[in-house]
Structures are given as structure tokens and as C-alpha cells.
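Next comes upload.txt, with compact mmCIF, C-alpha atoms.
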```
# COMPACT_ATOMS: atom_id res chain seq x y z
CA MET A 1 -52.98 12.21 24.62
CA LEU A 2 -50.38 13.96 26.78
CA ASP A 3 -48.91 10.62 27.75
CA LEU A 4 -48.52 9.66 24.08
CA ARG A 5 -46.85 12.99 23.34
CA GLU A 6 -44.46 12.55 26.23
CA ARG A 7 -43.62 9.02 25.13
CA ALA A 8 -43.03 10.30 21.58
CA ARG A 9 -40.74 13.04 22.90
CA VAL A 10 -38.75 10.55 24.95
CA ALA A 11 -38.51 8.16 22.00
CA LYS A 12 -37.36 10.98 19.70
CA GLN A 13 -34.67 12.02 22.18
CA ALA A 14 -33.56 8.40 22.57
CA ILE A 15 -33.22 8.07 18.78
CA GLN A 16 -31.17 11.25 18.63
CA ASP A 17 -28.90 10.00 21.41
CA ILE A 18 -28.41 6.64 19.67
CA LYS A 19 -27.65 8.40 16.35
CA ALA A 20 -25.04 10.54 18.10
CA GLN A 21 -23.47 7.44 19.61
CA LEU A 22 -23.51 5.71 16.22
CA THR A 23 -21.85 8.72 14.58
CA GLU A 24 -19.11 8.67 17.21
CA VAL A 25 -18.55 4.92 16.83
CA GLU A 26 -18.48 5.17 13.02
CA SER A 27 -15.99 8.04 13.23
CA ARG A 28 -13.72 6.02 15.53
CA LEU A 29 -14.06 3.01 13.22
CA ARG A 30 -13.12 5.08 10.17
CA ASN A 31 -10.14 6.57 12.03
CA GLU A 32 -8.86 3.13 12.92
CA ALA A 33 -9.52 1.73 9.43
CA ALA A 34 -7.69 4.70 7.87
CA LYS A 35 -4.53 3.67 9.72
CA ILE A 36 -4.38 0.48 7.68
CA PRO A 37 -1.96 1.18 4.81
CA ASN A 38 -2.19 0.01 1.24
CA THR A 39 -0.79 -3.35 0.22
CA THR A 40 2.73 -3.48 -1.24
CA HIS A 41 3.91 -4.44 -4.72
CA PRO A 42 5.69 -7.82 -4.72
CA ASP A 43 8.83 -6.25 -6.23
CA THR A 44 9.11 -3.59 -3.52
CA PRO A 45 12.28 -3.96 -1.41
CA ILE A 46 11.54 -4.65 2.25
CA GLY A 47 13.02 -2.34 4.85
CA ASP A 48 14.02 1.29 5.42
CA GLU A 49 15.48 3.86 3.02
CA THR A 50 18.85 2.09 2.98
CA LYS A 51 17.16 -0.75 1.06
CA ALA A 52 16.18 1.51 -1.87
CA ARG A 53 17.10 -0.08 -5.19
CA VAL A 54 18.84 2.01 -7.88
CA VAL A 55 16.97 1.33 -11.13
CA ARG A 56 19.10 3.50 -13.41
CA THR A 57 21.33 6.57 -13.46
CA HIS A 58 21.39 9.33 -16.09
CA GLY A 59 24.38 11.65 -16.50
CA ASP A 60 27.99 11.65 -15.34
CA LEU A 61 27.75 12.94 -11.73
CA HIS A 62 29.32 16.33 -12.48
CA ASN A 63 27.21 17.38 -15.44
CA ILE A 64 30.22 17.94 -17.69
CA LYS A 65 28.85 16.20 -20.77
CA THR A 66 25.18 16.96 -20.19
CA VAL A 67 25.07 20.76 -19.92
CA PRO A 68 22.36 21.63 -22.49
CA VAL A 69 23.88 24.93 -23.60
CA ASP A 70 25.73 25.52 -26.85
CA GLY A 71 29.17 27.03 -26.55
CA VAL A 72 29.82 26.16 -22.90
CA ASN A 73 33.41 25.15 -22.20
CA THR A 74 32.92 21.84 -20.40
CA LEU A 75 36.61 21.67 -19.47
CA GLU A 76 36.12 24.98 -17.71
CA LEU A 77 33.11 23.62 -15.86
CA SER A 78 35.09 20.62 -14.70
CA ASN A 79 37.36 22.97 -12.72
CA VAL A 80 34.53 24.61 -10.81
CA GLU A 81 34.66 24.43 -7.02
CA PHE A 82 30.97 23.79 -6.55
CA GLN A 83 29.28 26.01 -3.98
CA ASP A 84 26.29 25.09 -1.87
CA HIS A 85 23.06 26.65 -3.18
CA TYR A 86 22.71 28.68 0.04
CA ASP A 87 25.86 30.64 -0.78
CA LEU A 88 24.93 30.81 -4.46
CA VAL A 89 21.51 32.38 -4.02
CA GLN A 90 22.95 35.06 -1.76
CA ARG A 91 25.68 35.96 -4.23
CA LEU A 92 23.19 35.96 -7.08
CA GLY A 93 20.65 37.96 -5.05
CA ILE A 94 17.74 35.76 -6.18
CA VAL A 95 16.36 34.57 -2.81
CA ASP A 96 15.62 36.60 0.32
CA MET A 97 15.36 34.25 3.30
CA GLU A 98 15.70 37.04 5.87
CA ALA A 99 12.64 38.89 4.58
CA GLY A 100 10.71 35.61 4.50
CA ALA A 101 11.62 34.97 8.13
CA ARG A 102 10.61 38.49 9.20
CA VAL A 103 7.24 38.23 7.48
CA ALA A 104 6.25 34.57 8.00
CA GLY A 105 8.90 32.86 10.13
CA SER A 106 11.76 30.49 9.44
CA ARG A 107 11.83 28.45 6.23
CA PHE A 108 9.73 30.90 4.24
CA HIS A 109 11.34 32.82 1.41
CA TYR A 110 10.99 35.39 -1.34
CA TRP A 111 12.14 34.71 -4.89
CA ARG A 112 13.38 37.94 -6.44
CA GLY A 113 14.66 39.07 -9.82
CA GLY A 114 16.08 36.19 -11.83
CA GLY A 115 14.96 33.76 -9.13
CA ALA A 116 11.32 34.74 -9.59
CA LEU A 117 11.71 34.30 -13.34
CA LEU A 118 13.34 30.91 -12.77
CA GLU A 119 10.34 29.68 -10.77
CA LEU A 120 7.93 30.86 -13.45
CA ALA A 121 10.09 29.30 -16.16
CA LEU A 122 10.12 25.93 -14.41
CA VAL A 123 6.34 26.03 -14.02
CA GLN A 124 5.81 26.99 -17.69
CA TYR A 125 8.28 24.33 -18.83
CA ALA A 126 6.52 21.60 -16.86
CA MET A 127 3.00 22.68 -17.81
CA THR A 128 3.83 23.07 -21.50
CA ARG A 129 5.43 19.63 -21.66
CA ALA A 130 2.63 18.06 -19.63
CA ALA A 131 -0.08 19.53 -21.86
CA ALA A 132 1.74 18.26 -24.95
CA ALA A 133 1.82 14.79 -23.39
CA GLY A 134 -1.94 14.76 -22.83
CA PHE A 135 -2.23 16.04 -19.25
CA VAL A 136 -5.01 18.62 -18.88
CA PRO A 137 -3.61 21.69 -17.06
CA HIS A 138 -5.31 22.82 -13.84
CA ILE A 139 -4.67 25.47 -11.21
CA THR A 140 -6.05 23.94 -8.03
CA PRO A 141 -7.30 25.28 -4.69
CA ASP A 142 -4.57 25.54 -2.06
CA ALA A 143 -7.00 24.21 0.54
CA ALA A 144 -9.07 21.06 1.01
CA ARG A 145 -11.44 19.68 3.60
CA SER A 146 -9.83 17.64 6.35
CA SER A 147 -11.83 14.58 5.28
CA VAL A 148 -10.44 14.85 1.74
CA VAL A 149 -6.86 15.23 2.98
CA ASP A 150 -7.39 12.18 5.19
CA ALA A 151 -8.88 10.12 2.35
CA CYS A 152 -5.81 10.81 0.21
CA GLY A 153 -3.54 9.31 2.85
CA PHE A 154 -2.29 12.45 4.57
CA ARG A 155 -2.82 12.87 8.31
CA PRO A 156 -4.66 16.14 9.02
CA ARG A 157 -4.93 15.45 12.77
CA SER A 158 -2.55 15.96 15.65
CA SER A 159 -1.03 12.97 17.41
CA ALA A 160 -3.42 13.45 20.34
CA GLU A 161 -6.46 13.56 18.03
CA ASP A 162 -5.18 10.48 16.24
CA GLY A 163 -5.04 8.33 19.34
CA GLY A 164 -1.48 9.18 20.33
CA SER A 165 0.31 7.59 17.39
CA GLY A 166 3.42 9.62 18.17
CA GLU A 167 3.87 10.61 14.50
CA ALA A 168 3.72 14.36 13.87
CA SER A 169 1.34 15.56 11.19
CA GLN A 170 2.88 17.61 8.37
CA ILE A 171 -0.46 19.32 7.56
CA TYR A 172 -1.46 22.90 8.35
CA ARG A 173 -5.05 23.30 9.50
CA MET A 174 -6.92 26.52 8.67
CA THR A 175 -8.99 28.27 11.34
CA PRO A 176 -10.87 31.48 10.47
CA VAL A 177 -10.25 34.24 13.01
CA ALA A 178 -14.00 34.50 13.59
CA ASP A 179 -14.09 30.84 14.70
CA GLU A 180 -11.11 30.91 17.05
CA ARG A 181 -13.31 31.26 20.13
CA GLY A 182 -16.31 29.44 18.80
CA GLU A 183 -17.12 25.88 17.87
CA HIS A 184 -14.71 24.36 15.37
CA SER A 185 -15.98 22.73 12.21
CA ALA A 186 -16.14 18.95 12.24
CA ASP A 187 -14.45 18.99 8.83
CA PRO A 188 -12.06 21.98 8.89
CA LEU A 189 -10.09 23.18 5.90
CA CYS A 190 -6.40 22.32 5.59
CA LEU A 191 -3.68 23.79 3.41
CA VAL A 192 -2.70 21.18 0.84
CA ALA A 193 0.72 19.52 0.99
CA THR A 194 0.50 18.75 -2.74
CA ALA A 195 -1.88 19.34 -5.65
CA GLU A 196 -2.37 15.57 -5.69
CA ILE A 197 -5.03 16.07 -3.00
CA PRO A 198 -7.40 18.45 -4.87
CA LEU A 199 -6.69 16.77 -8.23
CA VAL A 200 -7.72 13.31 -7.04
CA ALA A 201 -10.64 14.63 -5.02
CA MET A 202 -12.16 16.42 -8.04
CA LYS A 203 -13.80 13.11 -8.95
CA GLN A 204 -14.99 12.06 -5.50
CA GLN A 205 -18.34 10.25 -5.35
CA GLN A 206 -18.45 9.88 -9.14
CA ILE A 207 -18.85 6.91 -11.45
CA LEU A 208 -16.66 7.36 -14.51
CA ASP A 209 -17.15 5.98 -17.98
CA GLY A 210 -14.48 3.44 -18.81
CA SER A 211 -13.91 5.06 -22.20
CA SER A 212 -12.68 8.22 -20.43
CA LEU A 213 -9.80 6.42 -18.72
CA PRO A 214 -7.04 7.08 -18.22
CA GLU A 215 -7.80 10.64 -17.11
CA SER A 216 -4.53 12.56 -16.79
CA VAL A 217 -4.24 16.04 -15.29
CA ALA A 218 -1.44 18.41 -14.30
CA GLY A 219 -2.04 20.73 -11.38
CA LEU A 220 -0.23 23.86 -10.21
CA SER A 221 -0.49 24.77 -6.53
CA HIS A 222 1.38 26.11 -3.59
CA CYS A 223 2.29 23.34 -1.15
CA PHE A 224 2.41 23.74 2.61
CA ARG A 225 4.28 21.36 4.90
CA ALA A 226 5.00 21.69 8.60
CA GLU A 227 8.19 19.63 8.17
CA ALA A 228 7.97 18.63 11.82
CA GLY A 229 11.13 16.89 12.94
CA ALA A 230 13.27 18.23 10.07
CA ARG A 231 16.62 19.56 11.22
CA GLY A 232 20.23 20.05 10.28
CA ARG A 233 21.59 20.77 6.83
CA ASP A 234 18.30 20.08 5.03
CA THR A 235 16.73 23.14 6.68
CA ARG A 236 19.43 25.47 5.33
CA GLY A 237 18.42 27.62 2.39
CA ILE A 238 15.54 26.55 0.13
CA TYR A 239 16.04 22.78 0.20
CA ARG A 240 13.26 22.16 2.75
CA LEU A 241 10.59 24.87 3.08
CA HIS A 242 7.18 25.33 4.65
CA GLN A 243 5.74 26.73 1.40
CA PHE A 244 6.74 26.10 -2.20
CA THR A 245 5.33 25.87 -5.71
CA LYS A 246 4.84 22.54 -7.45
CA VAL A 247 3.40 21.07 -10.63
CA GLU A 248 1.89 17.66 -9.91
CA LEU A 249 0.66 14.98 -12.30
CA VAL A 250 -2.31 12.74 -11.46
CA THR A 251 -3.80 9.89 -13.45
CA LEU A 252 -7.03 7.98 -12.84
CA SER A 253 -6.63 4.55 -14.40
CA HIS A 254 -8.55 1.35 -14.90
CA PRO A 255 -7.20 -1.16 -12.34
CA THR A 256 -5.79 -3.41 -15.06
CA HIS A 257 -3.69 -0.61 -16.55
CA SER A 258 -2.19 1.16 -13.54
CA ASP A 259 1.22 -0.54 -13.75
CA THR A 260 1.55 0.73 -17.33
CA GLU A 261 0.44 4.22 -16.29
CA LEU A 262 3.07 4.36 -13.54
CA GLN A 263 5.76 3.64 -16.11
CA ARG A 264 4.33 6.36 -18.37
CA LEU A 265 4.55 8.88 -15.54
CA LEU A 266 8.11 7.85 -14.75
CA ASP A 267 9.16 8.12 -18.40
CA PHE A 268 7.67 11.62 -18.59
CA GLN A 269 9.53 12.74 -15.46
CA THR A 270 12.88 11.43 -16.60
CA SER A 271 12.47 13.15 -19.98
CA LEU A 272 11.93 16.48 -18.19
CA TYR A 273 15.09 16.17 -16.11
CA ALA A 274 17.21 14.77 -18.94
CA ASP A 275 16.33 17.75 -21.13
CA LEU A 276 17.31 20.09 -18.29
CA GLY A 277 20.73 18.46 -18.37
CA LEU A 278 20.67 17.14 -14.81
CA THR A 279 22.43 14.09 -13.51
CA PHE A 280 19.87 11.96 -11.69
CA ARG A 281 19.03 8.45 -10.61
CA VAL A 282 15.76 6.54 -10.29
CA LEU A 283 15.19 4.59 -7.07
CA GLN A 284 12.59 1.94 -6.33
CA MET A 285 11.59 2.81 -2.80
CA PRO A 286 11.38 0.20 -0.02
CA SER A 287 8.35 -0.66 2.07
CA HIS A 288 9.10 1.72 4.96
CA GLU A 289 9.15 4.70 2.56
CA LEU A 290 5.80 4.14 0.84
CA GLY A 291 3.53 5.98 3.24
CA ALA A 292 -0.06 4.90 3.79
CA SER A 293 -1.37 5.25 0.26
CA ALA A 294 1.36 3.99 -2.09
CA TYR A 295 1.42 0.44 -3.45
CA GLN A 296 4.59 1.12 -5.39
CA LYS A 297 6.81 4.20 -5.42
CA TYR A 298 9.83 5.51 -7.29
CA ASP A 299 11.93 8.50 -6.21
CA ILE A 300 14.15 10.52 -8.51
CA GLU A 301 17.25 12.06 -6.97
CA ALA A 302 19.48 14.64 -8.65
CA TRP A 303 23.19 14.92 -8.01
CA MET A 304 23.76 18.22 -6.18
CA PRO A 305 27.49 18.93 -6.43
CA GLY A 306 27.44 21.81 -3.95
CA ARG A 307 25.86 19.59 -1.31
CA LYS A 308 28.04 16.72 -2.56
CA GLN A 309 25.16 14.29 -2.32
CA TRP A 310 22.01 13.08 -4.02
CA GLY A 311 18.82 15.00 -3.26
CA GLU A 312 15.23 14.00 -3.96
CA ILE A 313 13.57 16.12 -6.63
CA SER A 314 10.44 14.07 -7.38
CA SER A 315 8.55 10.84 -6.88
CA ALA A 316 5.95 8.74 -8.67
CA SER A 317 3.46 6.44 -6.95
CA ASN A 318 0.72 3.97 -7.77
CA CYS A 319 -1.87 4.18 -4.99
CA THR A 320 -4.12 1.50 -6.56
CA ASP A 321 -7.64 1.89 -5.07
CA TYR A 322 -6.55 3.26 -1.66
CA GLN A 323 -7.66 6.84 -2.37
CA ALA A 324 -10.50 5.96 -4.75
CA ARG A 325 -12.12 3.65 -2.20
CA ARG A 326 -12.10 6.38 0.44
CA LEU A 327 -13.34 9.03 -1.99
CA GLY A 328 -15.89 6.86 -3.80
CA ILE A 329 -14.38 7.13 -7.30
CA ARG A 330 -15.48 4.21 -9.47
CA VAL A 331 -15.60 3.17 -13.11
CA ARG A 332 -18.50 1.43 -14.82
CA GLY A 333 -17.86 -2.26 -15.28
CA GLU A 334 -19.75 -5.30 -16.47
CA GLY A 335 -22.07 -6.35 -13.69
CA GLN A 336 -20.65 -3.98 -11.08
CA HIS A 337 -18.70 -0.77 -10.74
CA VAL A 338 -15.08 -1.01 -9.60
CA PHE A 339 -12.83 1.50 -7.91
CA VAL A 340 -10.34 3.25 -10.17
CA HIS A 341 -6.62 3.31 -9.45
CA THR A 342 -5.01 6.68 -8.72
CA LEU A 343 -1.42 7.55 -9.55
CA ASN A 344 0.62 10.68 -8.88
CA ALA A 345 4.00 12.05 -9.91
CA THR A 346 5.88 15.29 -9.36
CA ALA A 347 6.74 17.17 -12.53
CA VAL A 348 8.43 20.16 -10.90
CA ALA A 349 8.91 20.89 -7.20
CA VAL A 350 10.47 24.30 -7.75
CA PRO A 351 12.91 24.73 -4.83
CA ARG A 352 14.45 21.24 -5.06
CA LEU A 353 14.84 21.46 -8.81
CA ALA A 354 16.26 24.97 -8.50
CA VAL A 355 18.87 23.71 -6.02
CA ALA A 356 19.96 21.01 -8.48
CA LEU A 357 20.13 23.47 -11.39
CA LEU A 358 21.95 26.21 -9.49
CA GLU A 359 24.57 23.87 -8.06
CA SER A 360 25.06 21.90 -11.28
CA PHE A 361 25.49 24.76 -13.74
CA GLN A 362 27.87 27.04 -11.84
CA ARG A 363 30.73 28.62 -13.75
CA PRO A 364 34.11 29.85 -12.48
CA ASP A 365 33.09 33.50 -13.04
CA GLY A 366 30.22 33.13 -10.57
CA HIS A 367 27.47 32.97 -13.17
CA VAL A 368 24.94 30.13 -13.28
CA VAL A 369 24.01 28.96 -16.77
CA ILE A 370 20.27 28.71 -17.48
CA PRO A 371 19.33 25.50 -19.37
CA SER A 372 18.27 26.25 -22.92
CA VAL A 373 14.81 24.68 -22.46
CA LEU A 374 13.99 27.31 -19.81
CA ARG A 375 15.18 30.35 -21.73
CA PRO A 376 11.90 31.06 -23.58
CA TRP A 377 10.48 32.22 -20.21
CA MET A 378 13.58 34.01 -18.84
CA MET A 379 13.16 37.34 -20.69
CA GLY A 380 16.35 36.86 -22.70
CA MET A 381 18.55 35.86 -19.76
CA GLU A 382 21.09 33.14 -20.57
CA SER A 383 22.64 33.06 -17.11
CA LEU A 384 22.16 34.39 -13.60
CA ALA A 385 24.90 36.88 -12.70
CA PRO A 386 26.38 37.66 -9.29
CA GLN A 387 25.31 40.91 -7.66
CA LYS A 388 27.79 43.74 -8.04
```
Give the structure from this file in C-alpha cells form.
Amino acid sequence: MLDLRERARVAKQAIQDIKAQLTEVESRLRNEAAKIPNTTHPDTPIGDETKARVVRTHGDLHNIKTVPVDGVNTLELSNVEFQDHYDLVQRLGIVDMEAGARVAGSRFHYWRGGGALLELALVQYAMTRAAAAGFVPHITPDAARSSVVDACGFRPRSSAEDGGSGEASQIYRMTPVADERGEHSADPLCLVATAEIPLVAMKQQQILDGSSLPESVAGLSHCFRAEAGARGRDTRGIYRLHQFTKVELVTLSHPTHSDTELQRLLDFQTSLYADLGLTFRVLQMPSHELGASAYQKYDIEAWMPGRKQWGEISSASNCTDYQARRLGIRVRGEGQHVFVHTLNATAVAVPRLAVALLESFQRPDGHVVIPSVLRPWMMGMESLAPQK
């Protein structure tokens, strides 16, 4: 009897050891498989960012004819010597970068006064328009499990953990103080880089009814990005930050309809920016700029006259089944269930859009005109005035 018990104990231990080995092998296999990017749309330009294709341009580069404010002297605006937003926000007293640096480090900031109202107005503007267009509003968690972040195509691991790929991760990992000296979780929480992550993952491991598609949601979150490798002019002011507020749009679509849904997202975005009075252009992004998850991607860049260059304010992507396959999101079909297609688009990334608005609507007297569509949330303010 003792011999049988000993043999059973040895067999049990052997099974446990084999399971541990299998878990390790499966984890390594998943890590390697996750490095395989999505396929690319046949119309996508091949190459780096210099191969981006301009689809269309809206506006006249200096926003003279498109300022959406009654009574503005456009001839007066044409004589403005456009300032960089960094100088503008200091003169207006609406951003405190020094306090942000003292409290949290470089590239963190405080909105204050009219700047705080401007952020809230942009969020309300985007959410109100999105809801009217059929997107269900959400306020999402600012954190997600590492496995979820990974499944959405963002790298939550360091280069060393990822097999020495050499590419720096832009994700912040969360570690509770109580766990700093203990064993780390196998699936730690990360701060989200975009609300796309929690919005898509809401439906993980679910089978959806085809009649419910497309499912369109709009999510408000803070976004956290390490911005490793960023340097130079882009790190000046609020153009490139570690934390910012964003309204993101996500659609779950039947595979046969995702091309149409991408165009719907793009049309919604351009209507937002046109009604703000911005000059912008739509770019079809080339293969090197798609990231792991995107099958097709468009960027929208606004003309920023203070910077004297185009600056990205949003993007829209069709990820086909890349994320759904990793998260197990399917739709009922005849004979078998198929993976849905996921799409995402930025409605409002507050700092970038604020830069475009501040630089575009400067006036010779130092004021910055507030677009009329934002005024319902600006407590009666029609412009931002310089500090006295």
C-alpha cells in the first residue's frame, strides 16, 4: 500500500512538473505569435511615414475663412504673427507645467482657469456629438490587465521581457506598494494608453448576436504613455505628454462591414474638426506606421500655425480580427461563429486639439477666440484673455 502511495505521489509531482513546463512553453509560444502583426490593406502605401498619402485637405492653411465665430475680422486675423502654443499658454495663464513637473515630473501639467474649462468643453462637445451619432457613452477604467493590453496590440513588457526586441514599451505598469518586495502578479495591471483598450476588452470571451452589430461606443479616459525616445520640439509644452484626457470611439463590426464602418468613423471625425473651424488634412498611413494591430489606418493632422507645421490630432484604424481573435470576441454565424472586426478612432485628444485651436485662433490683441461650438460649456467665455 505504501509503495502505491509513493508511486501516486511521484506521478502527481511529475504531472505538476509537466503542466508547469507546458504553461511556460505555451506562454513563450503566445509571446512569439503576438509579435506577428496584422495583414495590410491592399491600398496601403508601402514604406515609412514619408510615403503617407494625402487623401484630402479641409481649410485654407491659415484659418482665415474658416473661423467659426460671427463678427471676427478675418483681415485682422491674417495679420497675426502666430505664436507657439507654449508661449500662448503662459501668457494666457491656462497651463502650469512647472507645478506639474514639481508634483509628477517632466511632461505632466495642470490645466487651470479657462484651460480647465476648455478641456471639459472639448470632452462635452465630443461626447454630445458622439451620442447623437449613435455611440453609447462610457467612462472607462484607467487600468487594464497586462494580458488585455497585450491582446489589443500594445506591448506591456520591457524589451528584456520581450526577448530583447530593442523597441521600448510605451506602457506604464502598476505595482502596488505592498507587492514591491513580494511576488509579482503574472498578469499585472497597466495604465491604459487609450480607452480603446478597455472598450474593446469589455466584450472579451463573448459571442455576440449578429443583430446587435455594429456596436459603437465612445469612451472617456485618461491616457498614460511613457513616450520613450521622444525628444526635441515635440516635448515642449503640452504637445506630447505622459498623461492626457481623450475621448475614443470603438466599433465592433461584422467582418463584411468593417470597411464601411471605418469610413463612418472617419466622416464623424472630420465633421468634428470642420465644425471647430480647423484646417486639417486626412492621410492614409503607410505600412511602417500601422503598428501591430491595424489593417488600415488614417491619420488626421491639423495645421498649427505657431509651430508652422502639421500636427497629428487623431487617427482611425480597422484592426479586422486581430484584437477579437486574441480576446475571443465572436459573432454568431451560420454553421460557425466568426470573429468580429474591431475599429477605433480618436474623437478628441485634448492637448493636441487644444494646441491646434490655441495657435489657429490667436488675435493681435493677445486673445484666443473660442469656437462657437464649444461656448455652451465655457461659462459665457467667448475668448481666452492674456493675464494682466
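Here atom CA of Thr194 of chain A is placed at a distance of 25.6 Å from atom CA of Gly277 of chain A.
Coordinates place atom CA of Arg53 of chain A at a distance of 16.7 Å from atom CA of Gln309 of chain A.
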Please determine, counting all atoms listed in the file, which residue among A:Arg28, A:His222, A:Arg236, A:His337 has the shortest atom-to-atom distance to Thr140 of chain A.
A:His222
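Using all atoms listed in the file for every distance, the candidate list A:Ser169, A:Gln336, A:Ser253, A:Gln243 yields A:Gln243 as the residue closest to Arg107 of chain A.
The space separating atom CA of Ser360 of chain A from atom CA of Leu278 of chain A comes to 7.4 Å.
Nearest residue to Tyr295 of chain A among A:Gln13, A:Asn344, A:Ser372, A:Ser146 is A:Asn344, counting only C-alpha atoms.
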Need to verify the contact set: Gln83 of chain A, 9 Å, all atoms listed in the file, exclusion of same-chain residues closer than 2 positions in sequence. Can you return it as a PyMOL selection string?
chain A and resi 80-81+85-88+305-307+359+362
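Distances from A:Leu374, A:Val368, A:Leu290, A:Ala302 to Thr44 of chain A were compared using all atoms listed in the file, and the smallest one belongs to A:Leu290.
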May I have the centre and edge lengths, in Å to one decimal, of an axis-aligned box around the listed atoms of segment 359-373 of chain A with 6 Å added to every side, as JSON?
```
{"center_x": 24.5, "center_y": 27.7, "center_z": -15.5, "size_x": 31.3, "size_y": 23.6, "size_z": 26.9}
```
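Counting all atoms listed in the file and comparing A:Glu196, A:Asp48, A:Glu6, A:Asp60, the residue that lies closest to Gly153 of chain A is A:Glu196.
Checking A:Ala195, A:Cys190, A:Val331, A:Ala274 one by one against Val217 of chain A, counting all atoms listed in the file, you find the shortest gap at A:Ala195.
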So which residues touch His257 of chain A within 9 Å, counting all atoms listed in the file, skipping near sequence neighbours fewer than 5 positions away, as a list of chain:residue names?
A:Pro214, A:Leu262, A:His341
Show me the residues around (19.6, 18.3, 3.8) - criterion: an atom at most 12 Å away, only C-alpha atoms counted - as an mmCIF file with C-alpha atoms, keeping the file's coordinate frame.
```cif
data_model
loop_
_atom_site.group_PDB
_atom_site.id
_atom_site.type_symbol
_atom_site.label_atom_id
_atom_site.label_comp_id
_atom_site.auth_asym_id
_atom_site.auth_seq_id
_atom_site.Cartn_x
_atom_site.Cartn_y
_atom_site.Cartn_z
ATOM 1 C CA ASP A 84 26.290 25.090 -1.870
ATOM 2 C CA HIS A 85 23.060 26.650 -3.180
ATOM 3 C CA TYR A 86 22.710 28.680 0.040
ATOM 4 C CA ALA A 230 13.270 18.230 10.070
ATOM 5 C CA ARG A 231 16.620 19.560 11.220
ATOM 6 C CA GLY A 232 20.230 20.050 10.280
ATOM 7 C CA ARG A 233 21.590 20.770 6.830
ATOM 8 C CA ASP A 234 18.300 20.080 5.030
ATOM 9 C CA THR A 235 16.730 23.140 6.680
ATOM 10 C CA ARG A 236 19.430 25.470 5.330
ATOM 11 C CA GLY A 237 18.420 27.620 2.390
ATOM 12 C CA ILE A 238 15.540 26.550 0.130
ATOM 13 C CA TYR A 239 16.040 22.780 0.200
ATOM 14 C CA ARG A 240 13.260 22.160 2.750
ATOM 15 C CA LEU A 241 10.590 24.870 3.080
ATOM 16 C CA MET A 304 23.760 18.220 -6.180
ATOM 17 C CA GLY A 306 27.440 21.810 -3.950
ATOM 18 C CA ARG A 307 25.860 19.590 -1.310
ATOM 19 C CA LYS A 308 28.040 16.720 -2.560
ATOM 20 C CA GLN A 309 25.160 14.290 -2.320
ATOM 21 C CA TRP A 310 22.010 13.080 -4.020
ATOM 22 C CA GLY A 311 18.820 15.000 -3.260
ATOM 23 C CA GLU A 312 15.230 14.000 -3.960
ATOM 24 C CA ARG A 352 14.450 21.240 -5.060
ATOM 25 C CA VAL A 355 18.870 23.710 -6.020
#
```
Skipping near chain neighbours, those fewer than 3 positions away, what residues fall within 6 Å of segment 379-388 of chain A using only C-alpha atoms, listed as a VMD selection string?
chain A and resid 91 to 92 367 to 370
So that I can check the surroundings of Asp209 of chain A, please list as a PyMOL selection string every protein, DNA and RNA residue that reaches within 8 Å of it, counting all atoms listed in the file and ignoring chain neighbours fewer than 3 positions away.
chain A and resi 212-213+331-332
With only C-alpha atoms as the counted atoms, please give the residues lying no more than 7 Å from Thr57 of chain A, apart from itself and same-chain residues fewer than 6 positions off, as a list of chain:residue names.
A:Phe280, A:Arg281, A:Val282
